[in-house]
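S.K.: Supplied in structure tokens, the structure appears directly below.
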Amino acid sequence: MSSPHRAALRLVPDPAPGATPRTLGAVEVLPGLVRAALMDMSGAVLRRGEAEFAPGDAAGDSAAVDAALRAAAAPCFVDGAPLGIGVAAAGLVDADAGLIIEVNDAPALRGYPVRERLARFGAPVHVEHRARLQVLGDRWFGPGRGRSDFASVSTGEVLGVGILLGGEVLAPPGGRSGAHMTVAGPDRVCTCGARGCWKTVATTRWLRERVAGTGLPATLAGLAASTDPDAAAVVDEYAGNLALGLLNIQQLFAPGLFVLHGEARDGGEGFRERVVQRLRAASSWSPAAEPPAVVVSSTVVDDIALLGGAGLVLSAR
């Protein structure tokens, strides 16, 4: 990383003195990265902040996280408290206590009291698992609008799925993302200590390991653009690995629609079509089920988890 943090900011006029706040706050905490936004009631981003930290710091060493959280959040919230701040956190969270319990790829986040740290901005703080909030963001502001059943999928460095079934988010408080469901053999050791987790074969880390020493591009975008048949084979393998976890979800819950966010966009239409083919081939045994569809978020800046955080504020009110 080139610097301890980086921040971006777009200012809007301040509300009139004494006016009731009509804005929503959202924070996203990922391994090594904090994003924050101030939004209006429609979900439009008014201010934005972003900061990096070293995810490999020892557990309990939260100084770097504190600095990143301040750098990202202060430009958004320092001039006046929003109605509330919704936090979308990777890993396991304790929603009631406002804690991040564990993020395997970021020891510095273990036991991190994110609600306590954000209380300085004078707004109620609500914390939830990122995948659980992401599916709400898609339901309110994305391709899931008007649907009662669908799944929202994070791809890239962070892997996870949020499921809406019968209009309700299918996850316990604190959430489970599906990243650690067993889909691979025991030779694949996960950062959580288990073997065969979906995360071990369907993230950017796997992609980098897969092409190491081959001379092929180390990004999905580079592989998808390459004319090398070996690159096409890796893209196909990656799509198949991603579909492994989605197949389990389709066979258990038949959500019908999967909305892919993050790195999947870089694979283009060919990558999306590969995932669709794998899903439909495995769903053909149930002619009564809706044939699964896959759409990919097309936005350059993917704010769906932040939008879910803003929605959490509204739900809490």
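Ligands are numbered from 1 in the order shown, residues from 1 within each chain, and chains are lettered A, B, ... in the order they appear in the structure tokens.
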Please provide the set of residues having any atom within 9 Å of Pro55 in chain A, restricted to only C-alpha atoms, with same-chain residues fewer than 2 positions apart removed, written as a count of residues only.
M.R.: 15
S.K.: If you run DSSP on the backbone here, which positions in range 73-227 of chain A get strand (DSSP E or B)? Please write them as an MDAnalysis selection string.
M.R.: chainID A and resid 85:89 92:94 99:102 112 125:129 150:155 160:165 168:169 182 189 195 197
S.K.: Give me, as a list in words, all polymer residues having an atom no more than 9 Å from range 226-243 of chain A, counting only C-alpha atoms and skipping those fewer than 4 positions away in the same chain.
M.R.: Thr155, Val183, Ala184, Trp198, Val201, Ala202, Thr203, Trp206, Leu207, Arg210, Val211, Leu216, Pro217, Leu220, Ala221, Gly222, Leu247, Asn248, Ala264, Gly267, Gly270, Phe271, Arg272, Glu273, Arg274, Val275, Val276, Arg278 and Leu279 of chain A
S.K.: So how many Å separate CA of Asp302 in chain A and CA of Glu269 in chain A, to one decimal?
M.R.: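 Value for the CA of Asp302 in chain A-CA of Glu269 in chain A distance: 17.8 Å.
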S.K.: When distances are computed from only C-alpha atoms, which of A:Gly80, A:Gly213, A:Gly308, A:Gly43 shows the smallest separation from Ser152 in chain A?
M.R.: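 Under the stated criterion, the closest residue is A:Gly308.
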S.K.: Calculated over only C-alpha atoms, which of the candidates A:Gly215, A:Gly25, A:Gly256, A:Gly144 has the smallest distance to Ala88 in chain A?
M.R.: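 Comparing A:Gly215, A:Gly25, A:Gly256, A:Gly144 against Ala88 in chain A, the winner is A:Gly25.
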S.K.: Pick the closest to Ala95 in chain A from A:Val296, A:Val114, A:Ala44, A:Ile249: which is it, counting only C-alpha atoms?
M.R.: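 Counting only C-alpha atoms, the residue closest to Ala95 in chain A is A:Val114.
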S.K.: Please return, as a ChimeraX atom specification, all residues of range 120-248 of chain A that DSSP assigns to alpha helix (DSSP H) on the basis of the backbone.
M.R.: /A:130-141,204-211,220-225,229-248
S.K.: Neighbouring residues of Ile85 in chain A were defined as those with any atom within 12 Å, considering only C-alpha atoms; residues of the same chain fewer than 3 positions away were excluded. Please report them as a compact mmCIF listing (two decimals) with C-alpha atoms, in the first residue's frame.
M.R.:
# COMPACT_ATOMS: atom_id res chain seq x y z
CA THR A 23 -29.22 12.07 5.86
CA LEU A 24 -28.10 8.48 6.35
CA GLY A 25 -24.62 7.32 7.31
CA ALA A 26 -22.98 4.10 6.17
CA VAL A 27 -19.61 2.47 6.82
CA GLU A 28 -18.13 -0.65 5.22
CA ALA A 36 -17.82 5.54 4.44
CA ALA A 37 -20.60 7.57 2.88
CA LEU A 38 -23.19 10.16 3.73
CA MET A 39 -26.38 9.65 1.71
CA ALA A 73 -15.70 8.66 8.42
CA CYS A 76 -18.63 12.35 5.93
CA PHE A 77 -20.03 12.94 9.42
CA ALA A 81 -24.82 13.79 12.69
CA PRO A 82 -26.96 11.79 10.24
CA ALA A 88 -21.50 -3.40 7.01
CA GLY A 98 -21.64 -3.51 18.02
CA VAL A 114 -16.75 -0.34 15.81
CA ARG A 115 -19.95 1.03 17.39
CA GLU A 116 -17.99 2.57 20.26
CA ARG A 117 -15.48 4.14 17.87
CA LEU A 118 -18.18 5.69 15.67
CA ALA A 119 -20.23 7.00 18.61
CA ARG A 120 -18.05 10.12 18.55
CA PHE A 121 -20.11 11.41 15.62
CA GLY A 122 -23.25 11.66 17.76
CA ALA A 123 -25.51 9.33 15.76
CA PRO A 124 -26.94 5.88 16.59
CA VAL A 125 -24.68 3.15 15.19
CA HIS A 126 -26.03 -0.18 13.93
CA VAL A 127 -23.68 -3.05 13.00
CA GLU A 128 -24.39 -6.08 10.85
CA LEU A 306 -23.03 0.96 1.91
CA LEU A 307 -26.59 1.24 0.60
CA GLY A 308 -27.51 -1.73 2.76
CA GLY A 309 -26.00 0.07 5.75
CA ALA A 310 -28.14 3.11 5.00
CA GLY A 311 -31.17 0.84 4.77
CA LEU A 312 -30.32 -0.65 8.15
CA VAL A 313 -30.62 2.84 9.67
CA LEU A 314 -34.09 3.20 8.19
CA SER A 315 -35.11 -0.25 9.39
CA ALA A 316 -33.87 0.49 12.90
CA ARG A 317 -36.01 3.66 13.00
S.K.: Find the residues of range 44-142 of chain A that sit at most 12 Å from range 147-151 of chain A; for each, write down the nearest two atoms and how far apart they are in Å, to one decimal. Count only C-alpha atoms. Sort by chain, then by number going up, and give it as JSON lines.
M.R.:
{"residue": "A:Ala131", "atom": "CA", "partner": "A:Ala151", "partner_atom": "CA", "distance": 9.7}
{"residue": "A:Arg132", "atom": "CA", "partner": "A:Ala151", "partner_atom": "CA", "distance": 10.2}
{"residue": "A:Leu133", "atom": "CA", "partner": "A:Ala151", "partner_atom": "CA", "distance": 11.6}
{"residue": "A:Gln134", "atom": "CA", "partner": "A:Ala151", "partner_atom": "CA", "distance": 9.5}
{"residue": "A:Val135", "atom": "CA", "partner": "A:Ala151", "partner_atom": "CA", "distance": 6.7}
{"residue": "A:Leu136", "atom": "CA", "partner": "A:Ala151", "partner_atom": "CA", "distance": 10.0}
{"residue": "A:Gly137", "atom": "CA", "partner": "A:Ala151", "partner_atom": "CA", "distance": 11.4}
{"residue": "A:Asp138", "atom": "CA", "partner": "A:Ala151", "partner_atom": "CA", "distance": 9.0}
{"residue": "A:Arg139", "atom": "CA", "partner": "A:Arg147", "partner_atom": "CA", "distance": 7.2}
{"residue": "A:Trp140", "atom": "CA", "partner": "A:Arg147", "partner_atom": "CA", "distance": 9.9}
{"residue": "A:Phe141", "atom": "CA", "partner": "A:Arg147", "partner_atom": "CA", "distance": 11.7}
{"residue": "A:Gly142", "atom": "CA", "partner": "A:Arg147", "partner_atom": "CA", "distance": 10.5}
S.K.: Restricting the output to all heavy atoms, write the selected residues as a tab-separated table (two decimals), in the first residue's frame.
M.R.:
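Output file again-v7.tsv follows:
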chain	number	residue	atom	x	y	z
A	131	ALA	N	-22.74	-9.33	4.14
A	131	ALA	CA	-23.60	-10.02	3.17
A	131	ALA	C	-25.06	-9.83	3.50
A	131	ALA	O	-25.91	-9.70	2.61
A	131	ALA	CB	-23.25	-11.51	3.14
A	132	ARG	N	-25.37	-9.80	4.80
A	132	ARG	CA	-26.76	-9.60	5.22
A	132	ARG	C	-27.27	-8.23	4.79
A	132	ARG	O	-28.42	-8.09	4.37
A	132	ARG	CB	-26.84	-9.75	6.74
A	132	ARG	CG	-28.23	-9.66	7.33
A	132	ARG	CD	-28.15	-9.89	8.84
A	132	ARG	NE	-29.41	-9.66	9.50
A	132	ARG	CZ	-30.32	-10.60	9.75
A	132	ARG	NH1	-30.09	-11.84	9.37
A	132	ARG	NH2	-31.45	-10.31	10.37
A	133	LEU	N	-26.41	-7.22	4.87
A	133	LEU	CA	-26.80	-5.89	4.45
A	133	LEU	C	-26.77	-5.73	2.93
A	133	LEU	O	-27.58	-5.01	2.35
A	133	LEU	CB	-25.90	-4.84	5.10
A	133	LEU	CG	-26.03	-4.68	6.61
A	133	LEU	CD1	-25.24	-3.48	7.08
A	133	LEU	CD2	-27.50	-4.53	7.02
A	134	GLN	N	-25.84	-6.42	2.28
A	134	GLN	CA	-25.72	-6.27	0.83
A	134	GLN	C	-27.01	-6.69	0.13
A	134	GLN	O	-27.46	-6.04	-0.81
A	134	GLN	CB	-24.56	-7.11	0.32
A	134	GLN	CG	-24.37	-7.04	-1.18
A	134	GLN	CD	-23.17	-7.82	-1.64
A	134	GLN	OE1	-22.06	-7.59	-1.17
A	134	GLN	NE2	-23.39	-8.75	-2.55
A	135	VAL	N	-27.62	-7.78	0.58
A	135	VAL	CA	-28.84	-8.23	-0.08
A	135	VAL	C	-29.97	-7.21	0.13
A	135	VAL	O	-30.82	-7.02	-0.75
A	135	VAL	CB	-29.25	-9.64	0.42
A	135	VAL	CG1	-29.80	-9.62	1.82
A	135	VAL	CG2	-30.26	-10.27	-0.54
A	136	LEU	N	-29.97	-6.52	1.25
A	136	LEU	CA	-30.96	-5.47	1.47
A	136	LEU	C	-30.70	-4.28	0.54
A	136	LEU	O	-31.64	-3.66	0.03
A	136	LEU	CB	-30.93	-5.01	2.92
A	136	LEU	CG	-31.42	-6.03	3.95
A	136	LEU	CD1	-31.32	-5.45	5.36
A	136	LEU	CD2	-32.84	-6.47	3.66
A	137	GLY	N	-29.43	-3.96	0.33
A	137	GLY	CA	-29.10	-2.88	-0.60
A	137	GLY	C	-29.60	-3.19	-2.01
A	137	GLY	O	-30.15	-2.32	-2.70
A	138	ASP	N	-29.44	-4.44	-2.43
A	138	ASP	CA	-29.93	-4.84	-3.76
A	138	ASP	C	-31.45	-4.84	-3.81
A	138	ASP	O	-32.05	-4.55	-4.84
A	138	ASP	CB	-29.41	-6.23	-4.12
A	138	ASP	CG	-28.13	-6.19	-4.93
A	138	ASP	OD1	-27.96	-5.26	-5.73
A	138	ASP	OD2	-27.30	-7.10	-4.76
A	139	ARG	N	-32.06	-5.18	-2.69
A	139	ARG	CA	-33.53	-5.22	-2.68
A	139	ARG	C	-34.11	-3.81	-2.81
A	139	ARG	O	-35.11	-3.60	-3.50
A	139	ARG	CB	-34.02	-5.86	-1.38
A	139	ARG	CG	-35.53	-6.01	-1.35
A	139	ARG	CD	-36.02	-6.45	0.00
A	139	ARG	NE	-37.43	-6.81	-0.03
A	139	ARG	CZ	-38.15	-7.08	1.03
A	139	ARG	NH1	-37.60	-7.04	2.24
A	139	ARG	NH2	-39.42	-7.41	0.93
A	140	TRP	N	-33.51	-2.85	-2.12
A	140	TRP	CA	-34.05	-1.49	-2.13
A	140	TRP	C	-33.59	-0.66	-3.32
A	140	TRP	O	-34.34	0.16	-3.83
A	140	TRP	CB	-33.67	-0.78	-0.83
A	140	TRP	CG	-34.33	-1.35	0.38
A	140	TRP	CD1	-35.60	-1.84	0.49
A	140	TRP	CD2	-33.75	-1.51	1.67
A	140	TRP	NE1	-35.83	-2.29	1.76
A	140	TRP	CE2	-34.70	-2.10	2.52
A	140	TRP	CE3	-32.49	-1.21	2.20
A	140	TRP	CZ2	-34.47	-2.40	3.86
A	140	TRP	CZ3	-32.24	-1.51	3.55
A	140	TRP	CH2	-33.23	-2.08	4.35
A	141	PHE	N	-32.33	-0.85	-3.73
A	141	PHE	CA	-31.75	0.06	-4.71
A	141	PHE	C	-31.21	-0.63	-5.96
A	141	PHE	O	-30.76	0.04	-6.88
A	141	PHE	CB	-30.60	0.85	-4.07
A	141	PHE	CG	-30.99	1.60	-2.83
A	141	PHE	CD1	-30.63	1.14	-1.58
A	141	PHE	CD2	-31.73	2.77	-2.92
A	141	PHE	CE1	-30.98	1.83	-0.42
A	141	PHE	CE2	-32.09	3.47	-1.78
A	141	PHE	CZ	-31.71	3.00	-0.53
A	142	GLY	N	-31.21	-1.96	-6.01
A	142	GLY	CA	-30.55	-2.67	-7.10
A	142	GLY	C	-31.46	-3.62	-7.86
A	142	GLY	O	-32.69	-3.47	-7.85
S.K.: Between CA of Phe258 in chain A and CA of Val295 in chain A, what is the distance in Å, rounded to a tenth?
M.R.: 6.4 Å
S.K.: Tell me which of A:Val45, A:Val34, A:Gly56, A:Gly193 sits closest to Ala74 in chain A, counting only C-alpha atoms.
M.R.: A:Val34
S.K.: Counting only C-alpha atoms, which of A:Glu168, A:Glu209, A:Asp266, A:Asp303 gets nearest to Ala225 in chain A?
M.R.: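 Of A:Glu168, A:Glu209, A:Asp266, A:Asp303, the one nearest Ala225 in chain A, counting only C-alpha atoms, is A:Asp266.
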S.K.: Give the answer as one residue: which of A:Arg188, A:His129, A:Arg70, A:Arg145 has the shortest atom-to-atom distance to Val103 in chain A, using only C-alpha atoms?
M.R.: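 That would be A:His129, the residue with the smallest distance to Val103 in chain A.
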S.K.: Could you list, as a ChimeraX atom specification, every residue within 10 Å of Thr182 in chain A, counting only C-alpha atoms and ignoring same-chain residues fewer than 2 positions away?
M.R.: /A:178-180,184-186,194-200,244-245
S.K.: One number please: CA of Leu164 in chain A to CA of Pro143 in chain A, in Å, one decimal.
M.R.: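 Taking CA of Leu164 in chain A and CA of Pro143 in chain A, their separation equals 12.5 Å.
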